[in-house]
>>> print(open('upload_13.cif').read())   # mmCIF, C-alpha atoms
data_query
#
loop_
_atom_site.label_atom_id
_atom_site.label_comp_id
_atom_site.auth_asym_id
_atom_site.auth_seq_id
_atom_site.Cartn_x
_atom_site.Cartn_y
_atom_site.Cartn_z
CA MET Z 13 0.00 0.00 0.00
CA ASP Z 14 1.47 3.39 -0.96
CA LYS Z 15 2.03 6.12 1.59
CA ALA Z 16 -1.01 8.22 0.61
CA LEU Z 17 -3.37 5.27 1.06
CA LEU Z 18 -1.68 4.29 4.30
CA PHE Z 19 -2.06 7.85 5.57
CA ALA Z 20 -5.76 7.82 4.73
CA ARG Z 21 -6.15 4.47 6.47
CA ASN Z 22 -4.61 5.69 9.72
CA ASN Z 23 -5.67 9.35 9.79
CA LEU Z 24 -9.28 10.54 9.55
CA LEU Z 25 -8.50 13.94 8.01
CA SER Z 26 -6.21 12.35 5.42
CA TYR Z 27 -9.10 10.05 4.54
CA ALA Z 28 -11.50 13.02 4.24
CA ILE Z 29 -9.08 14.85 1.94
CA ALA Z 30 -8.61 11.71 -0.16
CA GLN Z 31 -12.39 11.36 -0.55
CA TYR Z 32 -12.99 15.05 -1.27
CA SER Z 33 -10.07 16.90 -2.83
CA GLY Z 34 -11.64 20.28 -2.01
CA TYR Z 35 -11.82 19.51 1.70
CA LYS Z 36 -9.88 22.10 3.69
CA PRO Z 37 -9.81 21.30 7.41
CA ALA Z 38 -9.57 24.11 9.92
CA GLU Z 39 -8.19 23.84 13.44
CA HIS Z 40 -11.55 22.85 14.93
CA HIS Z 41 -11.79 19.99 12.40
CA ARG Z 42 -8.36 18.77 13.49
CA LYS Z 43 -9.42 18.76 17.13
CA ILE Z 44 -12.63 16.88 16.33
CA ALA Z 45 -10.77 14.39 14.15
CA ARG Z 46 -8.28 13.60 16.90
CA ALA Z 47 -11.16 12.91 19.30
CA LEU Z 48 -12.93 10.69 16.76
CA GLU Z 49 -9.72 8.76 16.21
CA ARG Z 50 -9.66 8.06 19.94
CA VAL Z 51 -13.22 6.78 19.64
CA ALA Z 52 -12.18 4.47 16.81
CA ASN Z 53 -9.22 3.23 18.86
CA GLY Z 54 -11.42 2.49 21.88
CA GLU Z 55 -9.78 5.23 23.97
CA CYS Z 56 -12.87 7.50 24.21
CA LYS Z 57 -16.29 6.03 25.01
CA ARG Z 58 -18.38 9.21 25.33
CA LEU Z 59 -17.86 12.29 23.17
CA MET Z 60 -19.91 15.48 22.77
CA ILE Z 61 -19.25 18.05 20.04
CA PHE Z 62 -21.02 21.42 20.26
CA MET Z 63 -20.82 23.79 17.28
CA PRO Z 64 -22.98 26.34 15.45
CA PRO Z 65 -24.61 25.33 12.16
CA ARG Z 66 -22.60 25.32 8.93
CA HIS Z 67 -19.19 24.67 10.46
CA GLY Z 68 -18.60 21.25 8.92
CA LYS Z 69 -19.24 19.14 11.99
CA SER Z 70 -21.67 16.77 10.27
CA GLN Z 71 -19.59 16.26 7.14
CA LEU Z 72 -16.63 15.11 9.19
CA THR Z 73 -18.45 13.28 11.99
CA SER Z 74 -21.46 11.79 10.21
CA GLU Z 75 -20.18 11.25 6.65
CA PHE Z 76 -16.44 10.62 6.67
CA PHE Z 77 -16.05 9.15 10.15
CA PRO Z 78 -18.58 6.27 9.92
CA ALA Z 79 -17.10 5.08 6.61
CA TRP Z 80 -13.54 5.39 7.89
CA TYR Z 81 -14.52 3.63 11.13
CA MET Z 82 -16.13 0.74 9.25
CA GLY Z 83 -13.07 0.47 7.02
CA ARG Z 84 -10.95 -0.03 10.12
CA HIS Z 85 -13.53 -2.21 11.88
CA PRO Z 86 -15.48 -4.00 9.13
CA ASP Z 87 -17.08 -6.41 11.62
CA HIS Z 88 -18.48 -3.66 13.88
CA TYR Z 89 -21.98 -2.18 14.09
CA VAL Z 90 -22.74 1.52 13.67
CA ILE Z 91 -26.06 3.19 14.51
CA PHE Z 92 -26.61 6.74 13.27
CA THR Z 93 -29.52 8.97 14.24
CA THR Z 94 -30.62 12.51 13.52
CA TYR Z 95 -33.86 14.44 13.93
CA ALA Z 96 -35.71 13.01 10.89
CA GLN Z 97 -35.64 9.72 8.99
CA ASP Z 98 -35.24 11.28 5.54
CA PHE Z 99 -32.23 13.24 6.79
CA ALA Z 100 -30.80 10.07 8.33
CA ASP Z 101 -31.26 8.34 4.96
CA ASP Z 102 -29.27 11.11 3.25
CA PHE Z 103 -26.32 10.54 5.56
CA GLY Z 104 -26.61 6.79 5.17
CA ARG Z 105 -26.53 7.10 1.40
CA LYS Z 106 -23.32 9.13 1.55
CA VAL Z 107 -21.68 6.61 3.87
CA ARG Z 108 -22.80 3.67 1.73
CA ASN Z 109 -21.52 5.32 -1.45
CA GLN Z 110 -18.09 5.71 0.10
CA LEU Z 111 -17.91 1.98 0.80
CA HIS Z 112 -18.72 1.35 -2.87
CA ASP Z 113 -16.03 3.76 -4.06
CA PRO Z 114 -12.86 2.23 -5.61
CA LEU Z 115 -10.72 4.59 -3.54
CA PHE Z 116 -12.27 3.27 -0.32
CA LYS Z 117 -11.61 -0.28 -1.47
CA ALA Z 118 -7.98 0.61 -2.15
CA ILE Z 119 -7.60 2.11 1.35
CA PHE Z 120 -9.55 -0.65 3.12
CA PRO Z 121 -9.31 -3.78 0.93
CA GLU Z 122 -10.52 -5.99 3.79
CA CYS Z 123 -13.87 -4.14 4.05
CA SER Z 124 -16.53 -4.83 1.44
CA ILE Z 125 -20.21 -4.00 1.38
CA SER Z 126 -22.68 -6.87 1.10
CA LEU Z 127 -24.54 -6.59 -2.21
CA ASP Z 128 -27.68 -8.24 -0.85
CA SER Z 129 -28.11 -5.61 1.87
CA ALA Z 130 -27.23 -2.15 0.61
CA ALA Z 131 -30.16 0.18 1.26
CA ALA Z 132 -29.46 3.84 2.04
CA ASN Z 133 -30.50 3.53 5.68
CA LYS Z 134 -29.16 0.05 6.41
CA PHE Z 135 -26.44 -2.08 4.94
CA ASN Z 136 -24.09 -4.85 5.96
CA THR Z 137 -20.49 -5.67 5.20
CA GLU Z 138 -19.25 -9.03 4.02
CA GLN Z 139 -17.35 -9.14 7.31
CA ARG Z 140 -20.67 -9.11 9.25
CA GLY Z 141 -20.55 -5.48 10.25
CA SER Z 142 -23.55 -3.21 9.79
CA TYR Z 143 -24.68 0.40 9.48
CA PHE Z 144 -28.18 1.53 10.44
CA ALA Z 145 -29.59 5.06 10.12
CA VAL Z 146 -32.77 6.03 11.95
CA GLY Z 147 -34.70 9.17 12.73
CA MET Z 148 -34.66 10.32 16.36
CA GLY Z 149 -37.23 8.31 18.29
CA GLY Z 150 -37.42 5.56 15.67
CA PRO Z 151 -37.24 1.80 16.33
CA ILE Z 152 -33.86 0.07 16.54
CA THR Z 153 -34.99 -3.24 18.02
CA GLY Z 154 -32.56 -6.02 17.27
CA ARG Z 155 -29.75 -3.63 16.38
CA GLY Z 156 -26.47 -3.36 18.22
CA ALA Z 157 -23.85 -0.61 18.15
CA HIS Z 158 -20.13 -0.52 18.75
CA VAL Z 159 -20.52 3.19 17.95
CA ALA Z 160 -23.76 5.18 18.16
CA ILE Z 161 -23.73 8.64 16.54
CA ILE Z 162 -26.38 11.24 17.38
CA ASP Z 163 -26.19 14.22 15.02
CA ASP Z 164 -28.45 17.19 15.80
CA PRO Z 165 -31.33 15.41 17.55
CA ILE Z 166 -33.37 18.62 17.16
CA LYS Z 167 -34.11 20.52 13.95
CA GLY Z 168 -33.90 24.06 15.28
CA ARG Z 169 -34.80 26.51 18.02
CA GLU Z 170 -38.57 25.96 17.89
CA ASP Z 171 -38.22 22.21 18.43
CA ALA Z 172 -35.46 22.80 20.96
CA GLU Z 173 -37.77 24.86 23.15
CA SER Z 174 -40.54 22.24 23.15
CA GLU Z 175 -40.77 20.53 26.53
CA THR Z 176 -42.42 17.53 24.87
CA ASN Z 177 -39.56 17.13 22.41
CA LYS Z 178 -36.92 17.45 25.11
CA LYS Z 179 -38.63 14.78 27.20
CA LYS Z 180 -38.95 12.41 24.24
CA GLN Z 181 -35.28 12.80 23.33
CA LYS Z 182 -34.09 12.02 26.85
CA GLU Z 183 -36.42 9.03 27.20
CA TRP Z 184 -35.46 7.61 23.80
CA TYR Z 185 -31.76 7.96 24.56
CA GLN Z 186 -32.11 6.26 27.94
CA SER Z 187 -34.57 3.49 27.12
CA VAL Z 188 -33.75 2.78 23.46
CA LEU Z 189 -30.43 3.97 22.08
CA ARG Z 190 -28.26 3.43 25.14
CA THR Z 191 -29.55 -0.12 25.55
CA ARG Z 192 -28.28 -1.04 22.07
CA LEU Z 193 -24.60 -0.50 22.90
CA MET Z 194 -22.29 -3.46 22.63
CA PRO Z 195 -19.97 -4.03 25.63
CA GLY Z 196 -17.42 -1.21 25.59
CA GLY Z 197 -19.37 0.66 22.92
CA ALA Z 198 -19.04 4.40 22.31
CA ILE Z 199 -21.54 7.24 21.88
CA VAL Z 200 -20.85 10.42 19.92
CA LEU Z 201 -23.27 13.35 20.26
CA ILE Z 202 -22.94 16.25 17.80
CA MET Z 203 -25.30 19.18 18.14
CA THR Z 204 -25.99 22.87 18.05
CA ARG Z 205 -27.12 23.84 21.54
CA TRP Z 206 -30.21 26.04 21.29
CA THR Z 207 -31.18 25.85 24.97
CA ASP Z 208 -29.49 25.01 28.26
CA ASP Z 209 -32.03 22.36 29.25
CA ASP Z 210 -31.31 19.94 26.42
CA LEU Z 211 -30.19 16.36 25.91
CA ALA Z 212 -26.54 17.33 26.35
CA ARG Z 213 -27.16 18.89 29.75
CA SER Z 214 -29.09 15.82 30.86
CA LEU Z 215 -26.22 13.54 29.87
CA ILE Z 216 -23.55 15.72 31.43
CA HIS Z 217 -25.36 15.79 34.76
CA ALA Z 218 -27.35 12.57 34.96
CA HIS Z 219 -24.65 10.49 33.29
CA SER Z 220 -21.56 12.26 34.58
CA HIS Z 221 -20.17 8.89 35.72
CA GLU Z 222 -19.72 8.00 32.04
CA ASN Z 223 -16.97 10.62 31.76
CA TRP Z 224 -18.16 12.57 28.73
CA GLU Z 225 -15.45 14.38 26.81
CA VAL Z 226 -16.77 17.71 25.54
CA ILE Z 227 -15.51 19.72 22.55
CA SER Z 228 -17.26 23.09 22.37
#
>>> encode(input="upload_13.cif", output="structure tokens")
Amino acid sequence: MDKALLFARNNLLSYAIAQYSGYKPAEHHRKIARALERVANGECKRLMIFMPPRHGKSQLTSEFFPAWYMGRHPDHYVIFTTYAQDFADDFGRKVRNQLHDPLFKAIFPECSISLDSAAANKFNTEQRGSYFAVGMGGPITGRGAHVAIIDDPIKGREDAESETNKKKQKEWYQSVLRTRLMPGGAIVLIMTRWTDDDLARSLIHAHSHENWEVIS
């Protein structure tokens, strides 16, 4: 394997640049990438990333990272969720398309997507790994996760200020998503914080024993 491919295999930002030649990481992307690499290496089990909209957090964390992670761990399970199913499908399609790409196959020759299970929101690898994308609050019965990614569980300020929505998010996290973690599994939460009384605050306080690392 040549040096460029080896770099992309071992370094998330190098992989992102290889996949998208116009990608220009800033310092905050480098910090996020280093944290996500620790997640992939099993060194960080709980990670929160807080950023305003349109700063590239989702492209790096919800598009490039899941594909790169699955390339390194083709037998692992990834669950991805965001505020709506159609939006989750969009991310899933981008991740799936990377696994089909010849460049991905050159970087991660031991990871291959299963042709009989390649929908936008759920697909498997030939190595028995899986990716599943679901809207916030949706069913994930029977699914496991070595890594669960929550990207913007709320659409915007109006939804963020709804007491009903906040309650549903916290209950779904506690009773559904968290129960799907494999032993030693990791959770990554990426969001714009519209209010103080949100899912992030609940996790920081009620689940402080889980030692959340926060990048803000």
>>> closest_atom_pairs(input="upload_13.cif", of="range 96-205 of chain Z", to="range 212-223 of chain Z", cutoff="12 Å", atoms="all atoms listed in the file", output="CSV")
residue,atom,partner,partner_atom,distance
Z:Ile162,CA,Z:Ala212,CA,10.8
Z:Asp163,CA,Z:Ala212,CA,11.8
Z:Asp164,CA,Z:Ala212,CA,10.7
Z:Pro165,CA,Z:Ala212,CA,10.2
Z:Ile166,CA,Z:Ala212,CA,11.5
Z:Ala172,CA,Z:Ala212,CA,11.8
Z:Lys178,CA,Z:Ser214,CA,9.9
Z:Lys179,CA,Z:Ser214,CA,10.3
Z:Gln181,CA,Z:Ser214,CA,10.2
Z:Lys182,CA,Z:Ser214,CA,7.5
Z:Glu183,CA,Z:Ser214,CA,10.6
Z:Tyr185,CA,Z:Leu215,CA,9.5
Z:Gln186,CA,Z:Leu215,CA,9.6
Z:Arg190,CA,Z:Leu215,CA,11.3
Z:Gly196,CA,Z:Glu222,CA,11.5
Z:Gly197,CA,Z:Glu222,CA,11.7
Z:Ala198,CA,Z:Glu222,CA,10.4
Z:Ile199,CA,Z:Glu222,CA,10.3
Z:Val200,CA,Z:Ala212,CA,11.0
Z:Leu201,CA,Z:Ala212,CA,8.0
Z:Ile202,CA,Z:Ala212,CA,9.3
Z:Met203,CA,Z:Ala212,CA,8.5
Z:Thr204,CA,Z:Ala212,CA,10.0
Z:Arg205,CA,Z:Ala212,CA,8.1
>>> residues_around(input="upload_13.cif", residues="Glu39 in chain Z", least_positions_apart="5", cutoff="12 Å", atoms="all atoms listed in the file", output="list in words")
Leu25, Ile44, Ala45, Arg46, His67 and Gly68 of chain Z
>>> residues_around(input="upload_13.cif", residues="Glu225 in chain Z", least_positions_apart="2", cutoff="9 Å", atoms="only C-alpha atoms", output="list in words")
Ala47, Cys56, Lys57, Arg58, Leu59, Met60, Ile61, Asn223 and Ile227 of chain Z
>>> write_last_selection(input="upload_13.cif", atoms="C-alpha atoms", output="mmCIF file, keeping the file's coordinate frame")
data_model
loop_
_atom_site.group_PDB
_atom_site.id
_atom_site.type_symbol
_atom_site.label_atom_id
_atom_site.label_comp_id
_atom_site.auth_asym_id
_atom_site.auth_seq_id
_atom_site.Cartn_x
_atom_site.Cartn_y
_atom_site.Cartn_z
ATOM 1 C CA ALA Z 47 -11.160 12.910 19.300
ATOM 2 C CA CYS Z 56 -12.870 7.500 24.210
ATOM 3 C CA LYS Z 57 -16.290 6.030 25.010
ATOM 4 C CA ARG Z 58 -18.380 9.210 25.330
ATOM 5 C CA LEU Z 59 -17.860 12.290 23.170
ATOM 6 C CA MET Z 60 -19.910 15.480 22.770
ATOM 7 C CA ILE Z 61 -19.250 18.050 20.040
ATOM 8 C CA ASN Z 223 -16.970 10.620 31.760
ATOM 9 C CA ILE Z 227 -15.510 19.720 22.550
#
>>> closest_residue(input="upload_13.cif", among="Z:Leu24, Z:Ile152, Z:Ala145, Z:Ile119", to="Glu49 in chain Z", atoms="all atoms listed in the file")
Z:Leu24
>>> closest_residue(input="upload_13.cif", among="Z:Leu72, Z:Leu18, Z:Met148, Z:Met63", to="Leu48 in chain Z", atoms="only C-alpha atoms")
Z:Leu72
>>> build_atoms(input="upload_13.cif", residues="range 184-195 of chain Z", atoms="all heavy atoms", output="PDB file, in the frame of the given file")
ATOM      1  N   TRP Z 184     -35.900   8.488  24.877  1.00  0.00           N
ATOM      2  CA  TRP Z 184     -35.460   7.610  23.800  1.00  0.00           C
ATOM      3  C   TRP Z 184     -33.985   7.259  23.953  1.00  0.00           C
ATOM      4  O   TRP Z 184     -33.598   6.112  23.753  1.00  0.00           O
ATOM      5  CB  TRP Z 184     -35.708   8.276  22.444  1.00  0.00           C
ATOM      6  CG  TRP Z 184     -35.427   7.376  21.275  1.00  0.00           C
ATOM      7  CD1 TRP Z 184     -36.235   6.393  20.778  1.00  0.00           C
ATOM      8  CD2 TRP Z 184     -34.258   7.381  20.441  1.00  0.00           C
ATOM      9  NE1 TRP Z 184     -35.641   5.779  19.693  1.00  0.00           N
ATOM     10  CE2 TRP Z 184     -34.429   6.373  19.467  1.00  0.00           C
ATOM     11  CE3 TRP Z 184     -33.099   8.144  20.422  1.00  0.00           C
ATOM     12  CZ2 TRP Z 184     -33.481   6.100  18.483  1.00  0.00           C
ATOM     13  CZ3 TRP Z 184     -32.150   7.880  19.439  1.00  0.00           C
ATOM     14  CH2 TRP Z 184     -32.339   6.871  18.494  1.00  0.00           C
ATOM     15  N   TYR Z 185     -33.175   8.232  24.333  1.00  0.00           N
ATOM     16  CA  TYR Z 185     -31.760   7.960  24.560  1.00  0.00           C
ATOM     17  C   TYR Z 185     -31.600   6.911  25.661  1.00  0.00           C
ATOM     18  O   TYR Z 185     -30.862   5.932  25.501  1.00  0.00           O
ATOM     19  CB  TYR Z 185     -31.019   9.238  24.948  1.00  0.00           C
ATOM     20  CG  TYR Z 185     -29.596   8.967  25.400  1.00  0.00           C
ATOM     21  CD1 TYR Z 185     -28.561   8.905  24.495  1.00  0.00           C
ATOM     22  CD2 TYR Z 185     -29.309   8.724  26.751  1.00  0.00           C
ATOM     23  CE1 TYR Z 185     -27.265   8.605  24.902  1.00  0.00           C
ATOM     24  CE2 TYR Z 185     -28.024   8.429  27.166  1.00  0.00           C
ATOM     25  CZ  TYR Z 185     -27.001   8.374  26.236  1.00  0.00           C
ATOM     26  OH  TYR Z 185     -25.726   8.068  26.650  1.00  0.00           O
ATOM     27  N   GLN Z 186     -32.293   7.123  26.762  1.00  0.00           N
ATOM     28  CA  GLN Z 186     -32.110   6.260  27.940  1.00  0.00           C
ATOM     29  C   GLN Z 186     -32.675   4.858  27.725  1.00  0.00           C
ATOM     30  O   GLN Z 186     -32.025   3.859  28.045  1.00  0.00           O
ATOM     31  CB  GLN Z 186     -32.765   6.906  29.160  1.00  0.00           C
ATOM     32  CG  GLN Z 186     -32.633   6.107  30.442  1.00  0.00           C
ATOM     33  CD  GLN Z 186     -31.201   5.988  30.935  1.00  0.00           C
ATOM     34  OE1 GLN Z 186     -30.391   6.870  30.665  1.00  0.00           O
ATOM     35  NE2 GLN Z 186     -30.886   4.905  31.633  1.00  0.00           N
ATOM     36  N   SER Z 187     -33.888   4.785  27.176  1.00  0.00           N
ATOM     37  CA  SER Z 187     -34.570   3.490  27.120  1.00  0.00           C
ATOM     38  C   SER Z 187     -34.362   2.740  25.815  1.00  0.00           C
ATOM     39  O   SER Z 187     -34.616   1.530  25.747  1.00  0.00           O
ATOM     40  CB  SER Z 187     -36.083   3.687  27.351  1.00  0.00           C
ATOM     41  OG  SER Z 187     -36.638   4.492  26.333  1.00  0.00           O
ATOM     42  N   VAL Z 188     -33.902   3.431  24.764  1.00  0.00           N
ATOM     43  CA  VAL Z 188     -33.750   2.780  23.460  1.00  0.00           C
ATOM     44  C   VAL Z 188     -32.285   2.777  23.010  1.00  0.00           C
ATOM     45  O   VAL Z 188     -31.642   1.730  22.974  1.00  0.00           O
ATOM     46  CB  VAL Z 188     -34.641   3.452  22.388  1.00  0.00           C
ATOM     47  CG1 VAL Z 188     -34.472   2.745  21.046  1.00  0.00           C
ATOM     48  CG2 VAL Z 188     -36.099   3.420  22.811  1.00  0.00           C
ATOM     49  N   LEU Z 189     -31.756   3.938  22.685  1.00  0.00           N
ATOM     50  CA  LEU Z 189     -30.430   3.970  22.080  1.00  0.00           C
ATOM     51  C   LEU Z 189     -29.345   3.401  22.987  1.00  0.00           C
ATOM     52  O   LEU Z 189     -28.536   2.567  22.572  1.00  0.00           O
ATOM     53  CB  LEU Z 189     -30.065   5.413  21.679  1.00  0.00           C
ATOM     54  CG  LEU Z 189     -28.704   5.548  20.986  1.00  0.00           C
ATOM     55  CD1 LEU Z 189     -28.735   4.872  19.619  1.00  0.00           C
ATOM     56  CD2 LEU Z 189     -28.309   7.006  20.838  1.00  0.00           C
ATOM     57  N   ARG Z 190     -29.327   3.843  24.232  1.00  0.00           N
ATOM     58  CA  ARG Z 190     -28.260   3.430  25.140  1.00  0.00           C
ATOM     59  C   ARG Z 190     -28.262   1.927  25.385  1.00  0.00           C
ATOM     60  O   ARG Z 190     -27.219   1.320  25.610  1.00  0.00           O
ATOM     61  CB  ARG Z 190     -28.392   4.193  26.457  1.00  0.00           C
ATOM     62  CG  ARG Z 190     -27.189   4.096  27.380  1.00  0.00           C
ATOM     63  CD  ARG Z 190     -27.310   5.103  28.522  1.00  0.00           C
ATOM     64  NE  ARG Z 190     -26.204   4.998  29.451  1.00  0.00           N
ATOM     65  CZ  ARG Z 190     -26.162   4.164  30.486  1.00  0.00           C
ATOM     66  NH1 ARG Z 190     -27.198   3.361  30.717  1.00  0.00           N
ATOM     67  NH2 ARG Z 190     -25.122   4.131  31.299  1.00  0.00           N
ATOM     68  N   THR Z 191     -29.444   1.321  25.303  1.00  0.00           N
ATOM     69  CA  THR Z 191     -29.550  -0.120  25.550  1.00  0.00           C
ATOM     70  C   THR Z 191     -29.006  -0.943  24.383  1.00  0.00           C
ATOM     71  O   THR Z 191     -28.846  -2.157  24.521  1.00  0.00           O
ATOM     72  CB  THR Z 191     -31.007  -0.526  25.803  1.00  0.00           C
ATOM     73  OG1 THR Z 191     -31.786  -0.318  24.614  1.00  0.00           O
ATOM     74  CG2 THR Z 191     -31.604   0.289  26.944  1.00  0.00           C
ATOM     75  N   ARG Z 192     -28.738  -0.306  23.245  1.00  0.00           N
ATOM     76  CA  ARG Z 192     -28.280  -1.040  22.070  1.00  0.00           C
ATOM     77  C   ARG Z 192     -26.759  -1.121  21.996  1.00  0.00           C
ATOM     78  O   ARG Z 192     -26.211  -1.760  21.091  1.00  0.00           O
ATOM     79  CB  ARG Z 192     -28.794  -0.383  20.777  1.00  0.00           C
ATOM     80  CG  ARG Z 192     -30.289  -0.142  20.715  1.00  0.00           C
ATOM     81  CD  ARG Z 192     -31.118  -1.283  21.232  1.00  0.00           C
ATOM     82  NE  ARG Z 192     -30.821  -2.565  20.583  1.00  0.00           N
ATOM     83  CZ  ARG Z 192     -31.307  -3.725  20.947  1.00  0.00           C
ATOM     84  NH1 ARG Z 192     -32.099  -3.808  22.006  1.00  0.00           N
ATOM     85  NH2 ARG Z 192     -30.983  -4.832  20.301  1.00  0.00           N
ATOM     86  N   LEU Z 193     -26.055  -0.493  22.941  1.00  0.00           N
ATOM     87  CA  LEU Z 193     -24.600  -0.500  22.900  1.00  0.00           C
ATOM     88  C   LEU Z 193     -24.034  -1.889  23.149  1.00  0.00           C
ATOM     89  O   LEU Z 193     -24.471  -2.594  24.058  1.00  0.00           O
ATOM     90  CB  LEU Z 193     -24.026   0.456  23.939  1.00  0.00           C
ATOM     91  CG  LEU Z 193     -23.937   1.943  23.612  1.00  0.00           C
ATOM     92  CD1 LEU Z 193     -23.158   2.650  24.697  1.00  0.00           C
ATOM     93  CD2 LEU Z 193     -23.314   2.200  22.249  1.00  0.00           C
ATOM     94  N   MET Z 194     -23.051  -2.251  22.366  1.00  0.00           N
ATOM     95  CA  MET Z 194     -22.290  -3.460  22.630  1.00  0.00           C
ATOM     96  C   MET Z 194     -21.386  -3.208  23.828  1.00  0.00           C
ATOM     97  O   MET Z 194     -21.114  -2.054  24.180  1.00  0.00           O
ATOM     98  CB  MET Z 194     -21.440  -3.805  21.400  1.00  0.00           C
ATOM     99  CG  MET Z 194     -22.236  -4.015  20.123  1.00  0.00           C
ATOM    100  SD  MET Z 194     -23.337  -5.443  20.194  1.00  0.00           S
ATOM    101  CE  MET Z 194     -22.141  -6.778  20.089  1.00  0.00           C
ATOM    102  N   PRO Z 195     -20.891  -4.247  24.508  1.00  0.00           N
ATOM    103  CA  PRO Z 195     -19.970  -4.030  25.630  1.00  0.00           C
ATOM    104  C   PRO Z 195     -18.767  -3.188  25.196  1.00  0.00           C
ATOM    105  O   PRO Z 195     -18.125  -3.488  24.197  1.00  0.00           O
ATOM    106  CB  PRO Z 195     -19.544  -5.464  26.004  1.00  0.00           C
ATOM    107  CG  PRO Z 195     -20.698  -6.313  25.560  1.00  0.00           C
ATOM    108  CD  PRO Z 195     -21.214  -5.674  24.313  1.00  0.00           C
TER     109      PRO Z 195
END
